[in-house]
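Student: Data file data.cif (mmCIF, C-alpha atoms) is appended below.
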```
data_protein
loop_
_atom_site.group_PDB
_atom_site.id
_atom_site.type_symbol
_atom_site.label_atom_id
_atom_site.label_comp_id
_atom_site.auth_asym_id
_atom_site.auth_seq_id
_atom_site.Cartn_x
_atom_site.Cartn_y
_atom_site.Cartn_z
ATOM 1 C CA ASP A 347 52.020 -34.772 -21.086
ATOM 2 C CA GLY A 348 53.415 -31.559 -19.620
ATOM 3 C CA GLY A 349 51.166 -28.573 -19.366
ATOM 4 C CA ILE A 350 49.642 -25.833 -17.283
ATOM 5 C CA THR A 351 46.218 -26.250 -15.665
ATOM 6 C CA GLN A 352 43.894 -23.546 -14.445
ATOM 7 C CA SER A 353 40.846 -24.259 -12.371
ATOM 8 C CA PRO A 354 37.991 -23.720 -12.265
ATOM 9 C CA LYS A 355 37.082 -22.697 -15.822
ATOM 10 C CA TYR A 356 34.148 -20.585 -14.609
ATOM 11 C CA LEU A 357 33.853 -18.941 -11.196
ATOM 12 C CA PHE A 358 31.134 -16.848 -9.680
ATOM 13 C CA ARG A 359 31.718 -14.650 -6.675
ATOM 14 C CA LYS A 360 29.519 -12.473 -4.557
ATOM 15 C CA GLU A 361 30.603 -8.908 -4.065
ATOM 16 C CA GLY A 362 32.799 -8.510 -0.988
ATOM 17 C CA GLN A 363 34.168 -12.059 -1.077
ATOM 18 C CA ASN A 364 37.722 -13.120 -1.731
ATOM 19 C CA VAL A 365 38.271 -15.886 -4.289
ATOM 20 C CA THR A 366 41.351 -17.906 -5.226
ATOM 21 C CA LEU A 367 42.183 -19.054 -8.752
ATOM 22 C CA SER A 368 44.368 -22.112 -9.122
ATOM 23 C CA CYS A 369 47.311 -22.494 -11.520
ATOM 24 C CA GLU A 370 49.479 -25.632 -11.632
ATOM 25 C CA GLN A 371 52.236 -26.530 -14.093
ATOM 26 C CA ASN A 372 54.295 -29.683 -14.606
ATOM 27 C CA LEU A 373 56.679 -28.211 -17.178
ATOM 28 C CA ASN A 374 59.454 -27.647 -14.629
ATOM 29 C CA HIS A 375 59.327 -23.934 -15.447
ATOM 30 C CA ASP A 376 60.864 -21.513 -12.969
ATOM 31 C CA ALA A 377 58.772 -18.491 -13.901
ATOM 32 C CA MET A 378 54.994 -18.067 -13.653
ATOM 33 C CA TYR A 379 52.682 -15.179 -14.504
ATOM 34 C CA TRP A 380 49.107 -13.973 -14.057
ATOM 35 C CA TYR A 381 47.339 -11.859 -16.670
ATOM 36 C CA ARG A 382 43.946 -10.241 -16.797
ATOM 37 C CA GLN A 383 42.031 -9.883 -20.077
ATOM 38 C CA ASP A 384 38.942 -7.731 -20.531
ATOM 39 C CA PRO A 385 36.721 -7.871 -23.637
ATOM 40 C CA GLY A 386 38.389 -6.221 -26.611
ATOM 41 C CA GLN A 387 41.556 -5.589 -24.650
ATOM 42 C CA GLY A 388 44.991 -7.107 -24.528
ATOM 43 C CA LEU A 389 46.813 -8.911 -21.738
ATOM 44 C CA ARG A 390 47.584 -6.975 -18.598
ATOM 45 C CA LEU A 391 50.159 -8.351 -16.152
ATOM 46 C CA ILE A 392 48.981 -8.724 -12.557
ATOM 47 C CA TYR A 393 51.848 -10.537 -10.799
ATOM 48 C CA TYR A 394 54.803 -12.661 -11.784
ATOM 49 C CA SER A 395 57.241 -14.954 -10.038
ATOM 50 C CA GLN A 396 60.663 -15.912 -11.342
ATOM 51 C CA ILE A 397 61.555 -18.263 -8.509
ATOM 52 C CA VAL A 398 59.930 -20.029 -5.576
ATOM 53 C CA ASN A 399 59.153 -17.803 -2.580
ATOM 54 C CA ASP A 400 59.583 -14.643 -4.626
ATOM 55 C CA PHE A 401 57.141 -12.606 -6.713
ATOM 56 C CA GLN A 402 56.781 -9.094 -8.107
ATOM 57 C CA LYS A 403 53.870 -6.798 -8.884
ATOM 58 C CA GLY A 404 52.907 -6.297 -12.471
ATOM 59 C CA ASP A 405 51.044 -3.373 -13.986
ATOM 60 C CA ILE A 406 47.696 -3.893 -12.233
ATOM 61 C CA ALA A 407 48.459 -5.621 -8.899
ATOM 62 C CA GLU A 408 46.078 -3.595 -6.727
ATOM 63 C CA GLY A 409 43.333 -5.779 -5.249
ATOM 64 C CA TYR A 410 45.182 -9.034 -5.981
ATOM 65 C CA SER A 411 47.576 -11.231 -4.031
ATOM 66 C CA VAL A 412 49.691 -14.291 -4.884
ATOM 67 C CA SER A 413 51.928 -16.873 -3.270
ATOM 68 C CA ARG A 414 54.665 -19.111 -4.660
ATOM 69 C CA GLU A 415 55.382 -21.786 -2.084
ATOM 70 C CA LYS A 416 55.995 -24.522 -4.659
ATOM 71 C CA LYS A 417 57.583 -24.401 -8.084
ATOM 72 C CA GLU A 418 54.521 -26.011 -9.636
ATOM 73 C CA SER A 419 51.868 -23.742 -8.152
ATOM 74 C CA PHE A 420 51.072 -20.016 -8.361
ATOM 75 C CA PRO A 421 47.573 -19.286 -6.988
ATOM 76 C CA LEU A 422 45.981 -15.871 -7.445
ATOM 77 C CA THR A 423 43.588 -14.397 -4.863
ATOM 78 C CA VAL A 424 41.164 -11.746 -6.035
ATOM 79 C CA THR A 425 40.339 -9.760 -2.930
ATOM 80 C CA SER A 426 37.315 -7.647 -2.101
ATOM 81 C CA ALA A 427 39.542 -4.599 -2.652
ATOM 82 C CA GLN A 428 39.522 -5.256 -6.411
ATOM 83 C CA LYS A 429 36.851 -2.856 -7.652
ATOM 84 C CA ASN A 430 36.070 -4.491 -10.969
ATOM 85 C CA PRO A 431 37.068 -8.161 -10.758
ATOM 86 C CA THR A 432 34.866 -9.573 -13.532
ATOM 87 C CA ALA A 433 37.329 -10.642 -16.237
ATOM 88 C CA PHE A 434 39.124 -13.529 -17.921
ATOM 89 C CA TYR A 435 42.260 -14.553 -16.009
ATOM 90 C CA LEU A 436 45.193 -16.284 -17.663
ATOM 91 C CA CYS A 437 48.115 -18.024 -16.007
ATOM 92 C CA ALA A 438 51.363 -18.712 -17.864
ATOM 93 C CA SER A 439 54.758 -20.234 -17.215
ATOM 94 C CA SER A 440 58.187 -20.128 -18.852
ATOM 95 C CA ILE A 441 61.856 -20.849 -18.384
ATOM 96 C CA GLN A 442 63.803 -17.973 -16.841
ATOM 97 C CA GLY A 443 63.694 -14.948 -19.138
ATOM 98 C CA GLY A 444 60.923 -16.356 -21.335
ATOM 99 C CA TYR A 445 63.276 -16.997 -24.258
ATOM 100 C CA TYR A 446 61.072 -19.725 -25.747
ATOM 101 C CA GLY A 447 57.891 -17.848 -24.938
ATOM 102 C CA TYR A 448 55.196 -18.540 -22.391
ATOM 103 C CA THR A 449 52.908 -21.541 -22.109
ATOM 104 C CA PHE A 450 49.418 -20.390 -21.166
ATOM 105 C CA GLY A 451 46.651 -22.154 -19.315
ATOM 106 C CA SER A 452 43.115 -22.249 -20.688
ATOM 107 C CA GLY A 453 41.941 -19.447 -18.423
ATOM 108 C CA THR A 454 39.371 -18.830 -15.677
ATOM 109 C CA ARG A 455 36.393 -16.602 -16.292
ATOM 110 C CA LEU A 456 35.455 -14.829 -13.060
ATOM 111 C CA THR A 457 32.066 -13.179 -12.730
ATOM 112 C CA VAL A 458 30.982 -11.108 -9.749
ATOM 113 C CA VAL A 459 27.285 -11.504 -9.016
ATOM 114 C CA GLY B 1201 53.803 -1.001 -18.735
ATOM 115 C CA GLN B 1202 55.487 -1.068 -22.110
ATOM 116 C CA GLN B 1203 53.469 -2.433 -25.039
ATOM 117 C CA LEU B 1204 54.041 -3.087 -28.663
ATOM 118 C CA ASN B 1205 52.080 -1.309 -31.407
ATOM 119 C CA GLN B 1206 50.103 -4.010 -33.180
ATOM 120 C CA SER B 1207 47.954 -3.337 -36.231
ATOM 121 C CA PRO B 1208 45.355 -3.605 -37.431
ATOM 122 C CA GLN B 1209 43.257 -3.797 -34.284
ATOM 123 C CA SER B 1210 40.632 -5.907 -36.055
ATOM 124 C CA MET B 1211 39.975 -7.461 -39.450
ATOM 125 C CA PHE B 1212 36.860 -8.869 -41.073
ATOM 126 C CA ILE B 1213 37.683 -10.817 -44.203
ATOM 127 C CA GLN B 1214 36.202 -13.285 -46.655
ATOM 128 C CA GLU B 1215 37.234 -16.929 -46.494
ATOM 129 C CA GLY B 1216 40.110 -17.559 -48.881
ATOM 130 C CA GLU B 1217 41.640 -14.110 -48.538
ATOM 131 C CA ASP B 1218 45.175 -13.523 -47.312
ATOM 132 C CA VAL B 1219 45.782 -11.647 -44.047
ATOM 133 C CA SER B 1220 48.672 -9.474 -42.907
ATOM 134 C CA MET B 1221 49.320 -7.981 -39.491
ATOM 135 C CA ASN B 1222 52.361 -6.384 -37.900
ATOM 136 C CA CYS B 1223 53.955 -5.203 -34.698
ATOM 137 C CA THR B 1224 56.349 -2.345 -34.161
ATOM 138 C CA SER B 1225 58.384 -1.205 -31.199
ATOM 139 C CA SER B 1226 60.650 1.658 -30.227
ATOM 140 C CA SER B 1227 62.964 -0.896 -28.621
ATOM 141 C CA ILE B 1228 64.899 -3.745 -30.196
ATOM 142 C CA PHE B 1229 64.121 -7.329 -29.292
ATOM 143 C CA ASN B 1230 66.109 -10.552 -29.457
ATOM 144 C CA THR B 1231 63.029 -12.713 -29.942
ATOM 145 C CA TRP B 1232 59.661 -12.176 -31.590
ATOM 146 C CA LEU B 1233 56.745 -14.517 -30.985
ATOM 147 C CA TRP B 1234 53.259 -14.817 -32.435
ATOM 148 C CA TYR B 1235 50.343 -16.310 -30.506
ATOM 149 C CA LYS B 1236 46.750 -17.154 -31.407
ATOM 150 C CA GLN B 1237 43.919 -17.114 -28.872
ATOM 151 C CA ASP B 1238 40.720 -18.988 -29.665
ATOM 152 C CA PRO B 1239 37.566 -17.628 -28.019
ATOM 153 C CA GLY B 1240 37.455 -18.569 -24.329
ATOM 154 C CA GLU B 1241 40.885 -20.201 -24.351
ATOM 155 C CA GLY B 1242 44.473 -19.281 -23.571
ATOM 156 C CA PRO B 1243 46.907 -18.092 -26.265
ATOM 157 C CA VAL B 1244 48.875 -20.754 -28.096
ATOM 158 C CA LEU B 1245 52.303 -20.166 -29.628
ATOM 159 C CA LEU B 1246 52.250 -20.176 -33.430
ATOM 160 C CA ILE B 1247 55.725 -19.085 -34.470
ATOM 161 C CA ALA B 1248 58.930 -18.029 -32.693
ATOM 162 C CA LEU B 1249 61.637 -15.950 -34.393
ATOM 163 C CA TYR B 1250 65.160 -15.651 -33.034
ATOM 164 C CA LYS B 1251 67.236 -13.893 -35.665
ATOM 165 C CA ALA B 1252 66.902 -10.538 -37.440
ATOM 166 C CA GLY B 1253 65.698 -11.059 -40.998
ATOM 167 C CA GLU B 1254 64.471 -14.583 -40.237
ATOM 168 C CA LEU B 1255 61.446 -15.769 -42.203
ATOM 169 C CA THR B 1256 59.610 -18.779 -40.748
ATOM 170 C CA SER B 1257 56.548 -20.667 -41.928
ATOM 171 C CA ASN B 1258 54.089 -22.906 -40.114
ATOM 172 C CA GLY B 1259 51.575 -24.265 -42.627
ATOM 173 C CA ARG B 1260 49.637 -21.311 -44.026
ATOM 174 C CA LEU B 1261 51.312 -18.940 -41.569
ATOM 175 C CA THR B 1262 54.487 -17.016 -42.325
ATOM 176 C CA ALA B 1263 56.227 -14.635 -39.934
ATOM 177 C CA GLN B 1264 59.266 -12.423 -40.274
ATOM 178 C CA PHE B 1265 61.681 -10.896 -37.765
ATOM 179 C CA GLY B 1266 62.344 -7.354 -39.009
ATOM 180 C CA ILE B 1267 65.899 -6.498 -39.973
ATOM 181 C CA THR B 1268 65.925 -3.547 -37.555
ATOM 182 C CA ARG B 1269 64.814 -5.906 -34.731
ATOM 183 C CA LYS B 1270 62.033 -3.426 -33.977
ATOM 184 C CA ASP B 1271 59.233 -5.052 -35.918
ATOM 185 C CA SER B 1272 57.677 -8.309 -37.009
ATOM 186 C CA PHE B 1273 55.026 -9.403 -39.489
ATOM 187 C CA LEU B 1274 52.566 -12.296 -39.633
ATOM 188 C CA ASN B 1275 50.843 -13.379 -42.818
ATOM 189 C CA ILE B 1276 48.051 -15.939 -43.120
ATOM 190 C CA SER B 1277 47.352 -17.265 -46.586
ATOM 191 C CA ALA B 1278 44.020 -18.565 -47.860
ATOM 192 C CA SER B 1279 42.125 -17.929 -44.617
ATOM 193 C CA ILE B 1280 39.585 -20.451 -43.332
ATOM 194 C CA PRO B 1281 36.849 -20.096 -40.678
ATOM 195 C CA SER B 1282 38.971 -21.716 -37.954
ATOM 196 C CA ASP B 1283 41.499 -18.871 -38.283
ATOM 197 C CA VAL B 1284 39.047 -16.759 -36.249
ATOM 198 C CA GLY B 1285 40.555 -15.505 -33.004
ATOM 199 C CA ILE B 1286 42.885 -12.934 -31.527
ATOM 200 C CA TYR B 1287 46.501 -12.842 -32.687
ATOM 201 C CA PHE B 1288 49.139 -11.431 -30.341
ATOM 202 C CA CYS B 1289 52.707 -10.505 -31.042
ATOM 203 C CA ALA B 1290 55.278 -10.537 -28.247
ATOM 204 C CA GLY B 1291 58.874 -9.372 -27.932
ATOM 205 C CA GLN B 1292 61.560 -10.625 -25.575
ATOM 206 C CA GLY B 1293 65.064 -9.525 -24.610
ATOM 207 C CA GLY B 1294 67.090 -6.846 -26.352
ATOM 208 C CA SER B 1295 67.124 -3.275 -25.088
ATOM 209 C CA SER B 1296 63.983 -3.881 -23.033
ATOM 210 C CA ASN B 1297 65.342 -6.918 -21.266
ATOM 211 C CA THR B 1298 63.028 -7.165 -18.295
ATOM 212 C CA GLY B 1299 62.972 -10.948 -18.311
ATOM 213 C CA LYS B 1300 59.335 -10.780 -19.375
ATOM 214 C CA LEU B 1301 57.543 -10.835 -22.703
ATOM 215 C CA ILE B 1302 56.101 -7.553 -23.957
ATOM 216 C CA PHE B 1303 52.751 -8.130 -25.702
ATOM 217 C CA GLY B 1304 50.939 -6.255 -28.424
ATOM 218 C CA GLN B 1305 47.277 -5.338 -27.972
ATOM 219 C CA GLY B 1306 46.121 -8.067 -30.326
ATOM 220 C CA THR B 1307 44.494 -8.278 -33.761
ATOM 221 C CA THR B 1308 40.976 -9.716 -33.783
ATOM 222 C CA LEU B 1309 40.339 -11.698 -36.948
ATOM 223 C CA GLN B 1310 36.886 -12.627 -38.177
ATOM 224 C CA VAL B 1311 36.418 -14.759 -41.286
ATOM 225 C CA LYS B 1312 33.198 -14.810 -43.272
ATOM 226 C CA PRO B 1313 32.500 -18.200 -44.885
#
```
Please lay out the structure from this file as structure tokens.

Tutor:
Amino acid sequence: DGGITQSPKYLFRKEGQNVTLSCEQNLNHDAMYWYRQDPGQGLRLIYYSQIVNDFQKGDIAEGYSVSREKKESFPLTVTSAQKNPTAFYLCASSIQGGYYGYTFGSGTRLTVV
Amino acid sequence: GQQLNQSPQSMFIQEGEDVSMNCTSSSIFNTWLWYKQDPGEGPVLLIALYKAGELTSNGRLTAQFGITRKDSFLNISASIPSDVGIYFCAGQGGSSNTGKLIFGQGTTLQVKP
């Protein structure tokens, strides 16, 4: 079955450490996205990629970095420069332009301890 | 970034009641989508609308693509406890054609048995 997989589901990080969140899809989608969700808030776009080896900043890219070396994979690194990294992170994928909507992963909850 | 105006922000209803929520935009869209997010999970697509005036049902859910292309409505009939979650609207294409979905802030639904 095709889908999009995020791992791990829960992640704990010490302050000052970088951490990488995994996102893999086997839907043959060209575009992939990372969102951040805080309690009681909507979805805020961090980074997106519409094609391999290319990506653009979203609305809240500061303190985050991404790579898109393979069509199937779009890992997100939360760096120590991110001042408030504790949040729920969602990865999504779509065909170009998102006409049929996005398919979301099940999310990674990151907690800084 | 641009966002849709989604209302109400939250609802607390009795099991069996009907629910209505809506999204409005200053821009026209070619596609309207409605997602549901269960607690701790990623959003899942409920209904997609592709034509102005279109009315589409999915079980107890009914959604409409506004005739002006600037709004959409979601109705849930005879609510049950598993309807609990956050409902997001999203618009795609049209005058705000960025190649990305534009999301509403979400409506949090709680159902009292």

Student: Taking only C-alpha atoms into account and nothing else, which residues of chain A lie no more than 12 Å away from chain B? Please answer as a PyMOL selection string.

Tutor: chain A and resi 349-352+355-356+377-396+402-406+433-455

Student: Can you tell me which residues surround Leu1255 (chain B) at a distance of at most 8 Å, considering all atoms listed in the file, apart from same-chain residues fewer than 3 positions away, and format the answer as a PyMOL selection string?

Tutor: chain B and resi 1249+1262-1265

Student: Just write the chosen residues, C-alpha atoms, as a PDB file, in the coordinates of the input.

Tutor:
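Result file follows (again15.pdb):
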```
ATOM      1  CA  LEU B1249      61.637 -15.950 -34.393  1.00  0.00           C
ATOM      2  CA  THR B1262      54.487 -17.016 -42.325  1.00  0.00           C
ATOM      3  CA  ALA B1263      56.227 -14.635 -39.934  1.00  0.00           C
ATOM      4  CA  GLN B1264      59.266 -12.423 -40.274  1.00  0.00           C
ATOM      5  CA  PHE B1265      61.681 -10.896 -37.765  1.00  0.00           C
TER       6      PHE B1265
END
```

Student: With the PyMOL selection byres ((chain A and resi 397) around 8) as the selection, what would be picked from this file? Answer as an NGL selection string, please.

Tutor: :A and (376-377 or 395-396 or 398-401 or 414 or 417)

Student: Those selected residues, please, written with C-alpha atoms and delivered as a short mmCIF file (atom, residue, chain, number, x, y, z; two decimals), in the frame of the given file.

Tutor:
```
data_model
loop_
_atom_site.label_atom_id
_atom_site.label_comp_id
_atom_site.auth_asym_id
_atom_site.auth_seq_id
_atom_site.Cartn_x
_atom_site.Cartn_y
_atom_site.Cartn_z
CA ASP A 376 60.86 -21.51 -12.97
CA ALA A 377 58.77 -18.49 -13.90
CA SER A 395 57.24 -14.95 -10.04
CA GLN A 396 60.66 -15.91 -11.34
CA VAL A 398 59.93 -20.03 -5.58
CA ASN A 399 59.15 -17.80 -2.58
CA ASP A 400 59.58 -14.64 -4.63
CA PHE A 401 57.14 -12.61 -6.71
CA ARG A 414 54.66 -19.11 -4.66
CA LYS A 417 57.58 -24.40 -8.08
#
```

Student: Could you write out as a PyMOL selection string the residues that the PyMOL selection byres ((chain A and resi 372) around 6) matches in the shown file?

Tutor: chain A and resi 348-349+371+373-374

Student: Of the candidates A:Cys369, A:Gly409, A:Leu456, A:Arg359, which one gets nearest to Ser426 (chain A) if we count all atoms listed in the file?

Tutor: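 Once distances to Ser426 (chain A) are computed over all atoms listed in the file, the minimum belongs to A:Gly409.
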
Student: Need the shell around Ala1252 (chain B): protein/DNA/RNA residues with any atom at most 8 Å away, counting all atoms listed in the file. Skip same-chain ones fewer than 6 positions apart. Format as an MDAnalysis selection string?

Tutor: chainID B and resid 1265:1269

Student: Take CA of Ser1227 (chain B) and CA of Asp1271 (chain B) and report the distance between them in Å, one decimal.

Tutor: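 Separation of CA of Ser1227 (chain B) and CA of Asp1271 (chain B): 9.2 Å.
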
Student: Using all atoms listed in the file and a cutoff of 10 Å, can you tell me which residues are near (52.2, 0.5, -31.6) in the file's coordinates, and write them out as an mmCIF file with C-alpha atoms, keeping the file's coordinate frame?

Tutor:
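Contents of the output file point-v9.cif:
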```
data_model
loop_
_atom_site.group_PDB
_atom_site.id
_atom_site.type_symbol
_atom_site.label_atom_id
_atom_site.label_comp_id
_atom_site.auth_asym_id
_atom_site.auth_seq_id
_atom_site.Cartn_x
_atom_site.Cartn_y
_atom_site.Cartn_z
ATOM 1 C CA GLN B 1203 53.469 -2.433 -25.039
ATOM 2 C CA LEU B 1204 54.041 -3.087 -28.663
ATOM 3 C CA ASN B 1205 52.080 -1.309 -31.407
ATOM 4 C CA GLN B 1206 50.103 -4.010 -33.180
ATOM 5 C CA SER B 1207 47.954 -3.337 -36.231
ATOM 6 C CA PRO B 1208 45.355 -3.605 -37.431
ATOM 7 C CA ASN B 1222 52.361 -6.384 -37.900
ATOM 8 C CA CYS B 1223 53.955 -5.203 -34.698
ATOM 9 C CA THR B 1224 56.349 -2.345 -34.161
ATOM 10 C CA SER B 1225 58.384 -1.205 -31.199
ATOM 11 C CA SER B 1226 60.650 1.658 -30.227
ATOM 12 C CA ASP B 1271 59.233 -5.052 -35.918
ATOM 13 C CA GLY B 1304 50.939 -6.255 -28.424
ATOM 14 C CA GLN B 1305 47.277 -5.338 -27.972
#
```

Student: Given the PyMOL selection byres ((chain A and resi 423) around 8) and the file above, list the residues it selects as a VMD selection string.

Tutor: chain A and resid 364 to 367 410 to 412 421 to 422 424 to 425

Student: Could those residues be written to a file, using C-alpha atoms, as an mmCIF file, in the frame of the given file?

Tutor:
```cif
data_model
loop_
_atom_site.group_PDB
_atom_site.id
_atom_site.type_symbol
_atom_site.label_atom_id
_atom_site.label_comp_id
_atom_site.auth_asym_id
_atom_site.auth_seq_id
_atom_site.Cartn_x
_atom_site.Cartn_y
_atom_site.Cartn_z
ATOM 1 C CA ASN A 364 37.722 -13.120 -1.731
ATOM 2 C CA VAL A 365 38.271 -15.886 -4.289
ATOM 3 C CA THR A 366 41.351 -17.906 -5.226
ATOM 4 C CA LEU A 367 42.183 -19.054 -8.752
ATOM 5 C CA TYR A 410 45.182 -9.034 -5.981
ATOM 6 C CA SER A 411 47.576 -11.231 -4.031
ATOM 7 C CA VAL A 412 49.691 -14.291 -4.884
ATOM 8 C CA PRO A 421 47.573 -19.286 -6.988
ATOM 9 C CA LEU A 422 45.981 -15.871 -7.445
ATOM 10 C CA VAL A 424 41.164 -11.746 -6.035
ATOM 11 C CA THR A 425 40.339 -9.760 -2.930
#
```

Student: Counting only C-alpha atoms, which residue out of B:Ile1228, B:Leu1309, B:Ala1278, B:Leu1246 sits closest to Gly1216 (chain B)?

Tutor: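 Answer, going by the shortest atom-to-atom distance: B:Ala1278.
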
Student: Rounded to one decimal in Å, what is the spacing between CA of Gly362 (chain A) and CA of Pro1239 (chain B)?

Tutor: 28.9 Å

Student: Since the input has fewer atoms than a full residue there, write region 1208-1231 of chain B out with N, CA and C atoms, as a tab-separated table (two decimals), in the coordinates of the input.

Tutor:
```
chain	number	residue	atom	x	y	z
B	1208	PRO	N	46.50	-4.40	-37.87
B	1208	PRO	CA	45.36	-3.60	-37.43
B	1208	PRO	C	44.77	-4.13	-36.13
B	1209	GLN	N	43.89	-3.37	-35.53
B	1209	GLN	CA	43.26	-3.80	-34.28
B	1209	GLN	C	42.26	-4.92	-34.54
B	1210	SER	N	41.58	-4.86	-35.70
B	1210	SER	CA	40.63	-5.91	-36.06
B	1210	SER	C	40.53	-6.01	-37.57
B	1211	MET	N	40.13	-7.20	-38.02
B	1211	MET	CA	39.98	-7.46	-39.45
B	1211	MET	C	38.76	-8.35	-39.66
B	1212	PHE	N	38.01	-8.05	-40.70
B	1212	PHE	CA	36.86	-8.87	-41.07
B	1212	PHE	C	37.04	-9.20	-42.55
B	1213	ILE	N	37.32	-10.46	-42.84
B	1213	ILE	CA	37.68	-10.82	-44.20
B	1213	ILE	C	36.82	-11.97	-44.72
B	1214	GLN	N	36.91	-12.19	-46.01
B	1214	GLN	CA	36.20	-13.28	-46.66
B	1214	GLN	C	37.10	-14.53	-46.64
B	1215	GLU	N	36.48	-15.68	-46.44
B	1215	GLU	CA	37.23	-16.93	-46.49
B	1215	GLU	C	38.02	-17.00	-47.80
B	1216	GLY	N	39.26	-17.45	-47.71
B	1216	GLY	CA	40.11	-17.56	-48.88
B	1216	GLY	C	41.05	-16.39	-49.08
B	1217	GLU	N	40.77	-15.28	-48.42
B	1217	GLU	CA	41.64	-14.11	-48.54
B	1217	GLU	C	42.91	-14.30	-47.70
B	1218	ASP	N	43.94	-13.55	-48.10
B	1218	ASP	CA	45.18	-13.52	-47.31
B	1218	ASP	C	45.09	-12.40	-46.28
B	1219	VAL	N	45.81	-12.59	-45.17
B	1219	VAL	CA	45.78	-11.65	-44.05
B	1219	VAL	C	47.20	-11.23	-43.69
B	1220	SER	N	47.38	-9.96	-43.39
B	1220	SER	CA	48.67	-9.47	-42.91
B	1220	SER	C	48.48	-8.62	-41.67
B	1221	MET	N	49.34	-8.80	-40.69
B	1221	MET	CA	49.32	-7.98	-39.49
B	1221	MET	C	50.77	-7.74	-39.05
B	1222	ASN	N	50.98	-6.67	-38.28
B	1222	ASN	CA	52.36	-6.38	-37.90
B	1222	ASN	C	52.45	-5.77	-36.52
B	1223	CYS	N	53.64	-5.79	-36.00
B	1223	CYS	CA	53.96	-5.20	-34.70
B	1223	CYS	C	55.19	-4.36	-34.82
B	1224	THR	N	55.18	-3.21	-34.17
B	1224	THR	CA	56.35	-2.35	-34.16
B	1224	THR	C	56.66	-1.92	-32.74
B	1225	SER	N	57.93	-1.59	-32.53
B	1225	SER	CA	58.38	-1.20	-31.20
B	1225	SER	C	59.44	-0.12	-31.31
B	1226	SER	N	59.57	0.67	-30.28
B	1226	SER	CA	60.65	1.66	-30.23
B	1226	SER	C	61.93	1.02	-29.70
B	1227	SER	N	61.81	-0.18	-29.17
B	1227	SER	CA	62.96	-0.90	-28.62
B	1227	SER	C	63.29	-2.10	-29.49
B	1228	ILE	N	64.52	-2.54	-29.46
B	1228	ILE	CA	64.90	-3.74	-30.20
B	1228	ILE	C	64.65	-4.97	-29.33
B	1229	PHE	N	64.35	-6.06	-29.99
B	1229	PHE	CA	64.12	-7.33	-29.29
B	1229	PHE	C	65.04	-8.41	-29.85
B	1230	ASN	N	65.33	-9.39	-29.02
B	1230	ASN	CA	66.11	-10.55	-29.46
B	1230	ASN	C	65.23	-11.66	-29.98
B	1231	THR	N	63.97	-11.67	-29.57
B	1231	THR	CA	63.03	-12.71	-29.94
B	1231	THR	C	61.68	-12.08	-30.24
```
